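One file, model_18.cif, is given below (mmCIF, C-alpha atoms; chains and numbers go by the auth columns).
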data_data
loop_
_atom_site.group_PDB
_atom_site.id
_atom_site.type_symbol
_atom_site.label_atom_id
_atom_site.label_comp_id
_atom_site.label_asym_id
_atom_site.label_seq_id
_atom_site.Cartn_x
_atom_site.Cartn_y
_atom_site.Cartn_z
_atom_site.B_iso_or_equiv
_atom_site.auth_seq_id
_atom_site.auth_asym_id
ATOM 1 C CA MET A 1 -127.717 -230.592 -47.407 0.00 6 A
ATOM 2 C CA GLU A 2 -125.903 -228.296 -49.846 0.00 7 A
ATOM 3 C CA LYS A 3 -123.777 -226.846 -47.030 0.00 8 A
ATOM 4 C CA ILE A 4 -122.781 -230.333 -45.910 0.00 9 A
ATOM 5 C CA ALA A 5 -121.802 -231.243 -49.481 0.00 10 A
ATOM 6 C CA GLU A 6 -119.704 -228.056 -49.658 0.00 11 A
ATOM 7 C CA LEU A 7 -118.059 -228.891 -46.316 0.00 12 A
ATOM 8 C CA ALA A 8 -117.271 -232.393 -47.605 0.00 13 A
ATOM 9 C CA GLN A 9 -115.554 -230.961 -50.675 0.00 14 A
ATOM 10 C CA GLU A 10 -113.615 -228.442 -48.554 0.00 15 A
ATOM 11 C CA GLU A 11 -112.448 -231.144 -46.136 0.00 16 A
ATOM 12 C CA THR A 12 -111.403 -233.401 -49.019 0.00 17 A
ATOM 13 C CA GLU A 13 -109.255 -230.584 -50.388 0.00 18 A
ATOM 14 C CA ARG A 14 -107.857 -229.679 -46.956 0.00 19 A
ATOM 15 C CA ALA A 15 -107.209 -233.159 -45.559 0.00 20 A
ATOM 16 C CA GLY A 16 -106.880 -235.175 -48.766 0.00 21 A
ATOM 17 C CA SER A 17 -109.852 -237.378 -47.964 0.00 22 A
ATOM 18 C CA CYS A 18 -113.219 -237.123 -46.293 0.00 23 A
ATOM 19 C CA LEU A 19 -115.841 -239.590 -45.109 0.00 24 A
ATOM 20 C CA VAL A 20 -119.449 -238.446 -44.683 0.00 25 A
ATOM 21 C CA ILE A 21 -121.588 -240.773 -42.559 0.00 26 A
ATOM 22 C CA VAL A 22 -125.333 -240.212 -42.638 0.00 27 A
ATOM 23 C CA ASN A 23 -128.285 -241.825 -40.871 0.00 28 A
ATOM 24 C CA THR A 24 -130.499 -242.643 -43.858 0.00 29 A
ATOM 25 C CA LYS A 25 -130.099 -244.114 -47.331 0.00 30 A
ATOM 26 C CA ASN A 26 -131.939 -241.109 -48.771 0.00 31 A
ATOM 27 C CA ALA A 27 -129.482 -238.680 -47.147 0.00 32 A
ATOM 28 C CA ALA A 28 -126.556 -240.714 -48.516 0.00 33 A
ATOM 29 C CA GLN A 29 -127.927 -240.472 -52.054 0.00 34 A
ATOM 30 C CA THR A 30 -128.685 -236.758 -51.702 0.00 35 A
ATOM 31 C CA ILE A 31 -125.220 -235.843 -50.383 0.00 36 A
ATOM 32 C CA TYR A 32 -123.565 -238.090 -52.983 0.00 37 A
ATOM 33 C CA HIS A 33 -125.403 -236.441 -55.874 0.00 38 A
ATOM 34 C CA LEU A 34 -124.777 -232.928 -54.540 0.00 39 A
ATOM 35 C CA CYS A 35 -121.047 -233.631 -54.214 0.00 40 A
ATOM 36 C CA LYS A 36 -120.922 -235.285 -57.626 0.00 41 A
ATOM 37 C CA THR A 37 -122.165 -232.093 -59.300 0.00 42 A
ATOM 38 C CA GLN A 38 -119.776 -229.792 -57.388 0.00 43 A
ATOM 39 C CA LYS A 39 -116.237 -231.049 -58.090 0.00 44 A
ATOM 40 C CA THR A 40 -114.104 -233.552 -59.923 0.00 45 A
ATOM 41 C CA THR A 41 -112.764 -235.265 -56.785 0.00 46 A
ATOM 42 C CA PRO A 42 -113.559 -238.964 -57.047 0.00 47 A
ATOM 43 C CA ILE A 43 -116.606 -239.636 -54.899 0.00 48 A
ATOM 44 C CA TYR A 44 -117.912 -242.960 -53.691 0.00 49 A
ATOM 45 C CA HIS A 45 -121.238 -244.038 -52.245 0.00 50 A
ATOM 46 C CA LEU A 46 -121.834 -246.933 -49.841 0.00 51 A
ATOM 47 C CA SER A 47 -125.259 -248.035 -48.704 0.00 52 A
ATOM 48 C CA THR A 48 -127.117 -251.143 -47.609 0.00 53 A
ATOM 49 C CA ASN A 49 -129.190 -250.651 -50.798 0.00 54 A
ATOM 50 C CA MET A 50 -126.177 -252.064 -52.658 0.00 55 A
ATOM 51 C CA CYS A 51 -125.490 -255.773 -52.884 0.00 56 A
ATOM 52 C CA PRO A 52 -122.702 -256.907 -50.540 0.00 57 A
ATOM 53 C CA ALA A 53 -120.314 -257.750 -53.408 0.00 58 A
ATOM 54 C CA HIS A 54 -120.706 -254.256 -54.885 0.00 59 A
ATOM 55 C CA ARG A 55 -120.150 -252.618 -51.480 0.00 60 A
ATOM 56 C CA LYS A 56 -117.038 -254.727 -50.960 0.00 61 A
ATOM 57 C CA ALA A 57 -115.634 -253.783 -54.387 0.00 62 A
ATOM 58 C CA ILE A 58 -116.215 -250.063 -53.795 0.00 63 A
ATOM 59 C CA LEU A 59 -114.722 -250.260 -50.305 0.00 64 A
ATOM 60 C CA LYS A 60 -111.628 -251.963 -51.741 0.00 65 A
ATOM 61 C CA GLU A 61 -111.261 -249.216 -54.370 0.00 66 A
ATOM 62 C CA VAL A 62 -111.594 -246.543 -51.658 0.00 67 A
ATOM 63 C CA GLU A 63 -108.975 -248.312 -49.508 0.00 68 A
ATOM 64 C CA VAL A 64 -106.509 -248.416 -52.415 0.00 69 A
ATOM 65 C CA ARG A 65 -107.013 -244.691 -53.114 0.00 70 A
ATOM 66 C CA LEU A 66 -106.522 -243.837 -49.440 0.00 71 A
ATOM 67 C CA ASP A 67 -103.359 -245.967 -49.233 0.00 72 A
ATOM 68 C CA GLU A 68 -102.026 -244.131 -52.290 0.00 73 A
ATOM 69 C CA GLU A 69 -103.024 -240.821 -50.656 0.00 74 A
ATOM 70 C CA LYS A 70 -105.205 -239.823 -53.604 0.00 75 A
ATOM 71 C CA PRO A 71 -108.045 -237.340 -53.005 0.00 76 A
ATOM 72 C CA THR A 72 -111.093 -239.376 -52.014 0.00 77 A
ATOM 73 C CA LEU A 73 -114.579 -238.500 -50.839 0.00 78 A
ATOM 74 C CA CYS A 74 -116.923 -241.207 -49.602 0.00 79 A
ATOM 75 C CA VAL A 75 -120.563 -240.868 -48.536 0.00 80 A
ATOM 76 C CA SER A 76 -121.894 -243.785 -46.536 0.00 81 A
ATOM 77 C CA THR A 77 -124.641 -244.932 -44.251 0.00 82 A
ATOM 78 C CA GLN A 78 -123.623 -246.226 -40.819 0.00 83 A
ATOM 79 C CA LEU A 79 -122.467 -249.523 -42.337 0.00 84 A
ATOM 80 C CA ILE A 80 -118.888 -248.186 -42.379 0.00 85 A
ATOM 81 C CA GLU A 81 -118.790 -247.386 -38.652 0.00 86 A
ATOM 82 C CA ALA A 82 -117.855 -250.762 -37.220 0.00 87 A
ATOM 83 C CA GLY A 83 -115.569 -253.516 -38.429 0.00 88 A
ATOM 84 C CA VAL A 84 -114.004 -251.462 -41.221 0.00 89 A
ATOM 85 C CA ASP A 85 -110.326 -250.566 -40.846 0.00 90 A
ATOM 86 C CA ILE A 86 -110.189 -247.421 -42.957 0.00 91 A
ATOM 87 C CA ASP A 87 -108.429 -244.078 -42.495 0.00 92 A
ATOM 88 C CA PHE A 88 -109.797 -240.743 -43.747 0.00 93 A
ATOM 89 C CA GLY A 89 -108.249 -237.333 -43.140 0.00 94 A
ATOM 90 C CA ALA A 90 -111.603 -235.873 -42.080 0.00 95 A
ATOM 91 C CA VAL A 91 -115.008 -237.226 -41.098 0.00 96 A
ATOM 92 C CA ILE A 92 -118.407 -235.564 -41.182 0.00 97 A
ATOM 93 C CA ARG A 93 -121.009 -237.419 -39.095 0.00 98 A
ATOM 94 C CA PHE A 94 -124.708 -236.630 -39.072 0.00 99 A
ATOM 95 C CA SER A 95 -125.779 -236.269 -35.455 0.00 100 A
ATOM 96 C CA SER A 96 -126.659 -239.593 -33.860 0.00 101 A
ATOM 97 C CA GLY A 97 -125.956 -241.515 -30.699 0.00 102 A
ATOM 98 C CA LEU A 98 -122.636 -240.808 -29.017 0.00 103 A
ATOM 99 C CA ASP A 99 -121.599 -244.427 -29.595 0.00 104 A
ATOM 100 C CA SER A 100 -122.030 -243.939 -33.363 0.00 105 A
ATOM 101 C CA ILE A 101 -120.186 -240.630 -33.244 0.00 106 A
ATOM 102 C CA ALA A 102 -117.284 -242.345 -31.456 0.00 107 A
ATOM 103 C CA GLN A 103 -117.251 -245.119 -34.086 0.00 108 A
ATOM 104 C CA ALA A 104 -117.198 -242.499 -36.853 0.00 109 A
ATOM 105 C CA ALA A 105 -114.337 -240.669 -35.136 0.00 110 A
ATOM 106 C CA GLY A 106 -112.419 -243.950 -35.248 0.00 111 A
ATOM 107 C CA ARG A 107 -112.337 -243.662 -39.055 0.00 112 A
ATOM 108 C CA CYS A 108 -110.539 -240.292 -38.890 0.00 113 A
ATOM 109 C CA ASN A 109 -106.740 -240.183 -38.930 0.00 114 A
ATOM 110 C CA ARG A 110 -106.807 -243.792 -37.736 0.00 115 A
ATOM 111 C CA ASN A 111 -103.207 -244.403 -38.798 0.00 116 A
ATOM 112 C CA GLY A 112 -101.865 -241.057 -37.584 0.00 117 A
ATOM 113 C CA ARG A 113 -100.811 -239.830 -41.028 0.00 118 A
ATOM 114 C CA LEU A 114 -101.886 -236.278 -40.229 0.00 119 A
ATOM 115 C CA GLU A 115 -100.894 -234.122 -37.295 0.00 120 A
ATOM 116 C CA ILE A 116 -104.573 -233.951 -36.387 0.00 121 A
ATOM 117 C CA GLY A 117 -107.787 -235.386 -37.804 0.00 122 A
ATOM 118 C CA LEU A 118 -110.977 -233.362 -37.827 0.00 123 A
ATOM 119 C CA VAL A 119 -114.443 -234.746 -37.088 0.00 124 A
ATOM 120 C CA HIS A 120 -117.502 -232.593 -37.749 0.00 125 A
ATOM 121 C CA ILE A 121 -120.855 -233.420 -36.181 0.00 126 A
ATOM 122 C CA VAL A 122 -123.659 -231.875 -38.221 0.00 127 A
ATOM 123 C CA ASN A 123 -127.379 -231.785 -37.566 0.00 128 A
ATOM 124 C CA PRO A 124 -129.218 -231.113 -40.837 0.00 129 A
ATOM 125 C CA GLU A 125 -132.624 -229.501 -40.482 0.00 130 A
ATOM 126 C CA ASP A 126 -134.178 -231.564 -43.258 0.00 131 A
ATOM 127 C CA GLU A 127 -133.212 -235.010 -41.995 0.00 132 A
ATOM 128 C CA SER A 128 -136.241 -237.165 -41.283 0.00 133 A
ATOM 129 C CA LEU A 129 -135.722 -239.727 -38.529 0.00 134 A
ATOM 130 C CA GLY A 130 -139.408 -240.424 -37.890 0.00 135 A
ATOM 131 C CA MET A 131 -139.049 -244.070 -38.927 0.00 136 A
ATOM 132 C CA LEU A 132 -135.756 -244.462 -37.030 0.00 137 A
ATOM 133 C CA PRO A 133 -136.651 -243.878 -33.359 0.00 138 A
ATOM 134 C CA ASP A 134 -133.444 -245.442 -31.978 0.00 139 A
ATOM 135 C CA ILE A 135 -131.269 -243.064 -33.998 0.00 140 A
ATOM 136 C CA ARG A 136 -133.488 -240.080 -33.118 0.00 141 A
ATOM 137 C CA ILE A 137 -133.392 -240.865 -29.390 0.00 142 A
ATOM 138 C CA GLY A 138 -129.628 -241.484 -29.520 0.00 143 A
ATOM 139 C CA ARG A 139 -129.130 -238.169 -31.338 0.00 144 A
ATOM 140 C CA ASP A 140 -131.235 -236.282 -28.788 0.00 145 A
ATOM 141 C CA LYS A 141 -129.361 -237.798 -25.837 0.00 146 A
ATOM 142 C CA ALA A 142 -125.970 -237.196 -27.477 0.00 147 A
ATOM 143 C CA GLU A 143 -126.854 -233.552 -28.038 0.00 148 A
ATOM 144 C CA ARG A 144 -127.797 -233.225 -24.373 0.00 149 A
ATOM 145 C CA VAL A 145 -124.577 -234.734 -23.023 0.00 150 A
ATOM 146 C CA LEU A 146 -122.442 -232.814 -25.524 0.00 151 A
ATOM 147 C CA MET A 147 -124.043 -229.586 -24.268 0.00 152 A
ATOM 148 C CA ASP A 148 -123.181 -230.709 -20.713 0.00 153 A
ATOM 149 C CA TYR A 149 -119.622 -231.340 -21.886 0.00 154 A
ATOM 150 C CA GLU A 150 -119.419 -227.921 -23.517 0.00 155 A
ATOM 151 C CA GLN A 151 -120.416 -226.276 -20.223 0.00 156 A
ATOM 152 C CA ASN A 152 -117.916 -228.232 -18.105 0.00 157 A
ATOM 153 C CA PRO A 153 -115.364 -230.306 -20.065 0.00 158 A
ATOM 154 C CA ALA A 154 -113.207 -230.917 -16.971 0.00 159 A
ATOM 155 C CA ARG A 155 -116.091 -232.867 -15.408 0.00 160 A
ATOM 156 C CA TYR A 156 -115.623 -235.396 -18.219 0.00 161 A
ATOM 157 C CA GLY A 157 -111.844 -235.484 -18.235 0.00 162 A
ATOM 158 C CA ASN A 158 -111.725 -233.047 -21.191 0.00 163 A
ATOM 159 C CA ASN A 159 -112.643 -235.943 -23.491 0.00 164 A
ATOM 160 C CA CYS A 160 -115.843 -235.565 -25.492 0.00 165 A
ATOM 161 C CA ILE A 161 -116.028 -239.287 -26.298 0.00 166 A
ATOM 162 C CA GLY A 162 -114.241 -240.638 -23.235 0.00 167 A
ATOM 163 C CA PRO A 163 -115.577 -243.099 -20.674 0.00 168 A
ATOM 164 C CA GLN A 164 -117.031 -240.481 -18.299 0.00 169 A
ATOM 165 C CA LEU A 165 -119.118 -238.818 -20.992 0.00 170 A
ATOM 166 C CA MET A 166 -120.110 -242.160 -22.515 0.00 171 A
ATOM 167 C CA LYS A 167 -121.351 -243.320 -19.102 0.00 172 A
ATOM 168 C CA TRP A 168 -123.473 -240.153 -18.797 0.00 173 A
ATOM 169 C CA TYR A 169 -124.776 -240.681 -22.337 0.00 174 A
ATOM 170 C CA TYR A 170 -125.865 -244.268 -21.631 0.00 175 A
ATOM 171 C CA GLN A 171 -127.472 -243.270 -18.330 0.00 176 A
ATOM 172 C CA ASN A 172 -129.572 -240.710 -20.211 0.00 177 A
ATOM 173 C CA TYR A 173 -130.270 -243.048 -23.105 0.00 178 A
ATOM 174 C CA PHE A 174 -131.396 -246.041 -21.070 0.00 179 A
ATOM 175 C CA PHE A 175 -133.310 -243.991 -18.484 0.00 180 A
ATOM 176 C CA ASP A 176 -135.627 -242.670 -21.202 0.00 181 A
ATOM 177 C CA ARG A 177 -135.847 -246.074 -22.902 0.00 182 A
ATOM 178 C CA ALA A 178 -136.998 -247.699 -19.641 0.00 183 A
#
Rewrite the structure of this file - the entire thing - as C-alpha cells.
Amino acid sequence: MEKIAELAQEETERAGSCLVIVNTKNAAQTIYHLCKTQKTTPIYHLSTNMCPAHRKAILKEVEVRLDEEKPTLCVSTQLIEAGVDIDFGAVIRFSSGLDSIAQAAGRCNRNGRLEIGLVHIVNPEDESLGMLPDIRIGRDKAERVLMDYEQNPARYGNNCIGPQLMKWYYQNYFFDRA
C-alpha cells in the first residue's frame, strides 16, 4: 500500500490532482493515512462509513479545490464512480471489474483541462476481497480480458474500455456466474 500512496502523491504533484478509488473501506483508510503522513498536499477521504451529509460536504470542498485548480488528493471507495461529475488530473483504481474501471476513468480529465489524463490500474497484493465475491470475480475477469487486449489491441478497436472489450468482459463475467 505504501507504493500506491507514493504514486498518489507523485500523480498529485504531476497532474495537480489525483483520485484513488479502492475496493474496501479498510483500504481507503490505509491509503488515506499513508498519504497523510507523506506530504502536505490536502488529502480527503470518502467512504460509506461516513454519514451522507459529511460525504456531501467533503465532496463539495473537493469540487471547489478542483475548480480552483488547487492541489488535491482524494481517496475514496467506489461511491465516487457513478453519478458524481468530478474532474481529477489522474486516477488510480484498484483492480476491479472492467465496468468499474471505466467509471473510474470517467473521473479523469473529464473536462479536458489537461492534454491527457492518466489512469493507473493497480492490484495490491495485500487487498482482501474474500467477503466481496462480486468485486473479486469482476477483477479476475477484467484482468483476463485486459491481458487479451494487451496481446491483440486491434481486435478490440485499440480501445481498452471500448464496446468490443466490454462485450468480451461481460461474456466472461456472466459465463462464470451462470
Nearest to Arg141 in chain A by atom-to-atom distance, counting all atoms listed in the file, from A:Asn116, A:Val89, A:Ser101, A:Leu78: A:Ser101
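Near Ala107 in chain A, within 10 Å and counting all atoms listed in the file, sit A:Glu86, A:Arg98, A:Gly102, A:Leu103, A:Asp104, A:Ala110, A:Gly111, A:Arg112, A:Val124, A:Cys165, A:Ile166, A:Gly167, A:Met171; same-chain residues fewer than 3 positions away were not included.
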Apply the PyMOL selection byres ((chain A and resi 145-158) around 7) to the file shown and report the selected residues as a ChimeraX atom specification. /A:101-103,141-144,159-163,165,173-174,177-178
Atoms kept (C-alpha atoms) for selection, written as a short mmCIF file (atom, residue, chain, number, x, y, z; two decimals), in the coordinates of the input:
data_model
loop_
_atom_site.label_atom_id
_atom_site.label_comp_id
_atom_site.auth_asym_id
_atom_site.auth_seq_id
_atom_site.Cartn_x
_atom_site.Cartn_y
_atom_site.Cartn_z
CA SER A 101 -126.66 -239.59 -33.86
CA GLY A 102 -125.96 -241.52 -30.70
CA LEU A 103 -122.64 -240.81 -29.02
CA ARG A 141 -133.49 -240.08 -33.12
CA ILE A 142 -133.39 -240.86 -29.39
CA GLY A 143 -129.63 -241.48 -29.52
CA ARG A 144 -129.13 -238.17 -31.34
CA ALA A 159 -113.21 -230.92 -16.97
CA ARG A 160 -116.09 -232.87 -15.41
CA TYR A 161 -115.62 -235.40 -18.22
CA GLY A 162 -111.84 -235.48 -18.24
CA ASN A 163 -111.72 -233.05 -21.19
CA CYS A 165 -115.84 -235.56 -25.49
CA TRP A 173 -123.47 -240.15 -18.80
CA TYR A 174 -124.78 -240.68 -22.34
CA ASN A 177 -129.57 -240.71 -20.21
CA TYR A 178 -130.27 -243.05 -23.10
#
Just checking: using only C-alpha atoms, which residue out of A:Ser22, A:Thr29, A:Thr42, A:Ser100 ends up closest to Gln83 in chain A?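 For Gln83 in chain A, the nearest of the candidates is A:Thr29.
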Hey, what's within 12 Å of Glu66 in chain A if we count all atoms listed in the file and toss same-chain stuff fewer than 4 positions away? As a PyMOL selection string, please? chain A and resi 47-51+59-62+70-73+75+77-79+91
Mind writing the picked residues with C-alpha atoms as a PDB file, keeping the file's coordinate frame?
ATOM      1  CA  PRO A  47    -113.559-238.964 -57.047  1.00  0.00           C
ATOM      2  CA  ILE A  48    -116.606-239.636 -54.899  1.00  0.00           C
ATOM      3  CA  TYR A  49    -117.912-242.960 -53.691  1.00  0.00           C
ATOM      4  CA  HIS A  50    -121.238-244.038 -52.245  1.00  0.00           C
ATOM      5  CA  LEU A  51    -121.834-246.933 -49.841  1.00  0.00           C
ATOM      6  CA  HIS A  59    -120.706-254.256 -54.885  1.00  0.00           C
ATOM      7  CA  ARG A  60    -120.150-252.618 -51.480  1.00  0.00           C
ATOM      8  CA  LYS A  61    -117.038-254.727 -50.960  1.00  0.00           C
ATOM      9  CA  ALA A  62    -115.634-253.783 -54.387  1.00  0.00           C
ATOM     10  CA  ARG A  70    -107.013-244.691 -53.114  1.00  0.00           C
ATOM     11  CA  LEU A  71    -106.522-243.837 -49.440  1.00  0.00           C
ATOM     12  CA  ASP A  72    -103.359-245.967 -49.233  1.00  0.00           C
ATOM     13  CA  GLU A  73    -102.026-244.131 -52.290  1.00  0.00           C
ATOM     14  CA  LYS A  75    -105.205-239.823 -53.604  1.00  0.00           C
ATOM     15  CA  THR A  77    -111.093-239.376 -52.014  1.00  0.00           C
ATOM     16  CA  LEU A  78    -114.579-238.500 -50.839  1.00  0.00           C
ATOM     17  CA  CYS A  79    -116.923-241.207 -49.602  1.00  0.00           C
ATOM     18  CA  ILE A  91    -110.189-247.421 -42.957  1.00  0.00           C
TER      19      ILE A  91
END
If I take CA of Cys113 in chain A and CA of Val69 in chain A, how far is one from the other in Å, to one decimal?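 Separation of CA of Cys113 in chain A and CA of Val69 in chain A: 16.3 Å.
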To one decimal in Å, tell me the separation between CA of Arg19 in chain A and CA of His38 in chain A. 20.8 Å
Just to confirm, what's the straight-line distance from CA of Ala87 in chain A to CA of Ser105 in chain A in Å (one decimal)?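 That distance, rounded to one decimal, is 8.9 Å.
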Excluding Glu16 in chain A and its own-chain neighbours fewer than 4 positions away, which residues fall within 10 Å of it when counting only C-alpha atoms? Please give them as a PyMOL selection string. chain A and resi 10-12+20-24+78+94-97+123-125
Test item: the PyMOL selection byres ((chain A and resi 30) around 9) resolved as JSON, numbers by chain: {"A": [27, 28, 29, 31, 32, 33, 34, 35, 52, 53, 54, 81, 82]}
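Closest approach to Glu7 in chain A among A:Leu134, A:Phe99, A:Val127, A:Leu39: A:Leu39, based on all atoms listed in the file.
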Can you sort out the box for range 13-19 of chain A, edges along x, y and z, all listed atoms in, 6 Å on every side, with centre and edge lengths in Å to one decimal, as lines of an AutoDock Vina configuration file?
center_x = -112.6
center_y = -230.9
center_z = -48.4
size_x = 21.4
size_y = 17.0
size_z = 16.5
Output range 129-141 of chain A with N, CA, C and O atoms present, as an mmCIF file, in the coordinates of the input.
data_model
loop_
_atom_site.group_PDB
_atom_site.id
_atom_site.type_symbol
_atom_site.label_atom_id
_atom_site.label_comp_id
_atom_site.auth_asym_id
_atom_site.auth_seq_id
_atom_site.Cartn_x
_atom_site.Cartn_y
_atom_site.Cartn_z
ATOM 1 N N PRO A 129 -128.441 -231.741 -39.770
ATOM 2 C CA PRO A 129 -129.218 -231.113 -40.837
ATOM 3 C C PRO A 129 -130.687 -230.952 -40.450
ATOM 4 O O PRO A 129 -131.280 -231.844 -39.850
ATOM 5 N N GLU A 130 -131.231 -229.803 -40.808
ATOM 6 C CA GLU A 130 -132.624 -229.501 -40.482
ATOM 7 C C GLU A 130 -133.589 -230.421 -41.210
ATOM 8 O O GLU A 130 -134.650 -230.747 -40.691
ATOM 9 N N ASP A 131 -133.232 -230.826 -42.425
ATOM 10 C CA ASP A 131 -134.178 -231.564 -43.258
ATOM 11 C C ASP A 131 -134.019 -233.084 -43.175
ATOM 12 O O ASP A 131 -134.548 -233.805 -44.004
ATOM 13 N N GLU A 132 -133.342 -233.572 -42.147
ATOM 14 C CA GLU A 132 -133.212 -235.010 -41.995
ATOM 15 C C GLU A 132 -134.447 -235.553 -41.283
ATOM 16 O O GLU A 132 -134.833 -235.059 -40.237
ATOM 17 N N SER A 133 -135.035 -236.572 -41.849
ATOM 18 C CA SER A 133 -136.241 -237.165 -41.283
ATOM 19 C C SER A 133 -135.891 -238.485 -40.607
ATOM 20 O O SER A 133 -135.516 -239.450 -41.271
ATOM 21 N N LEU A 134 -136.013 -238.510 -39.287
ATOM 22 C CA LEU A 134 -135.722 -239.727 -38.529
ATOM 23 C C LEU A 134 -136.985 -240.326 -37.915
ATOM 24 O O LEU A 134 -136.902 -241.130 -36.985
ATOM 25 N N GLY A 135 -138.141 -239.945 -38.434
ATOM 26 C CA GLY A 135 -139.408 -240.424 -37.890
ATOM 27 C C GLY A 135 -139.524 -241.940 -37.855
ATOM 28 O O GLY A 135 -140.100 -242.505 -36.926
ATOM 29 N N MET A 136 -138.975 -242.605 -38.853
ATOM 30 C CA MET A 136 -139.049 -244.070 -38.927
ATOM 31 C C MET A 136 -137.846 -244.741 -38.254
ATOM 32 O O MET A 136 -137.743 -245.958 -38.271
ATOM 33 N N LEU A 137 -136.960 -243.935 -37.680
ATOM 34 C CA LEU A 137 -135.756 -244.462 -37.030
ATOM 35 C C LEU A 137 -135.688 -243.954 -35.584
ATOM 36 O O LEU A 137 -134.817 -243.163 -35.233
ATOM 37 N N PRO A 138 -136.586 -244.426 -34.721
ATOM 38 C CA PRO A 138 -136.651 -243.878 -33.359
ATOM 39 C C PRO A 138 -135.371 -244.088 -32.551
ATOM 40 O O PRO A 138 -135.003 -243.227 -31.752
ATOM 41 N N ASP A 139 -134.673 -245.208 -32.743
ATOM 42 C CA ASP A 139 -133.444 -245.442 -31.978
ATOM 43 C C ASP A 139 -132.383 -244.404 -32.316
ATOM 44 O O ASP A 139 -131.689 -243.898 -31.426
ATOM 45 N N ILE A 140 -132.251 -244.078 -33.595
ATOM 46 C CA ILE A 140 -131.269 -243.064 -33.998
ATOM 47 C C ILE A 140 -131.692 -241.697 -33.481
ATOM 48 O O ILE A 140 -130.873 -240.931 -32.975
ATOM 49 N N ARG A 141 -132.990 -241.384 -33.582
ATOM 50 C CA ARG A 141 -133.488 -240.080 -33.118
ATOM 51 C C ARG A 141 -133.263 -239.908 -31.614
ATOM 52 O O ARG A 141 -132.764 -238.882 -31.162
#
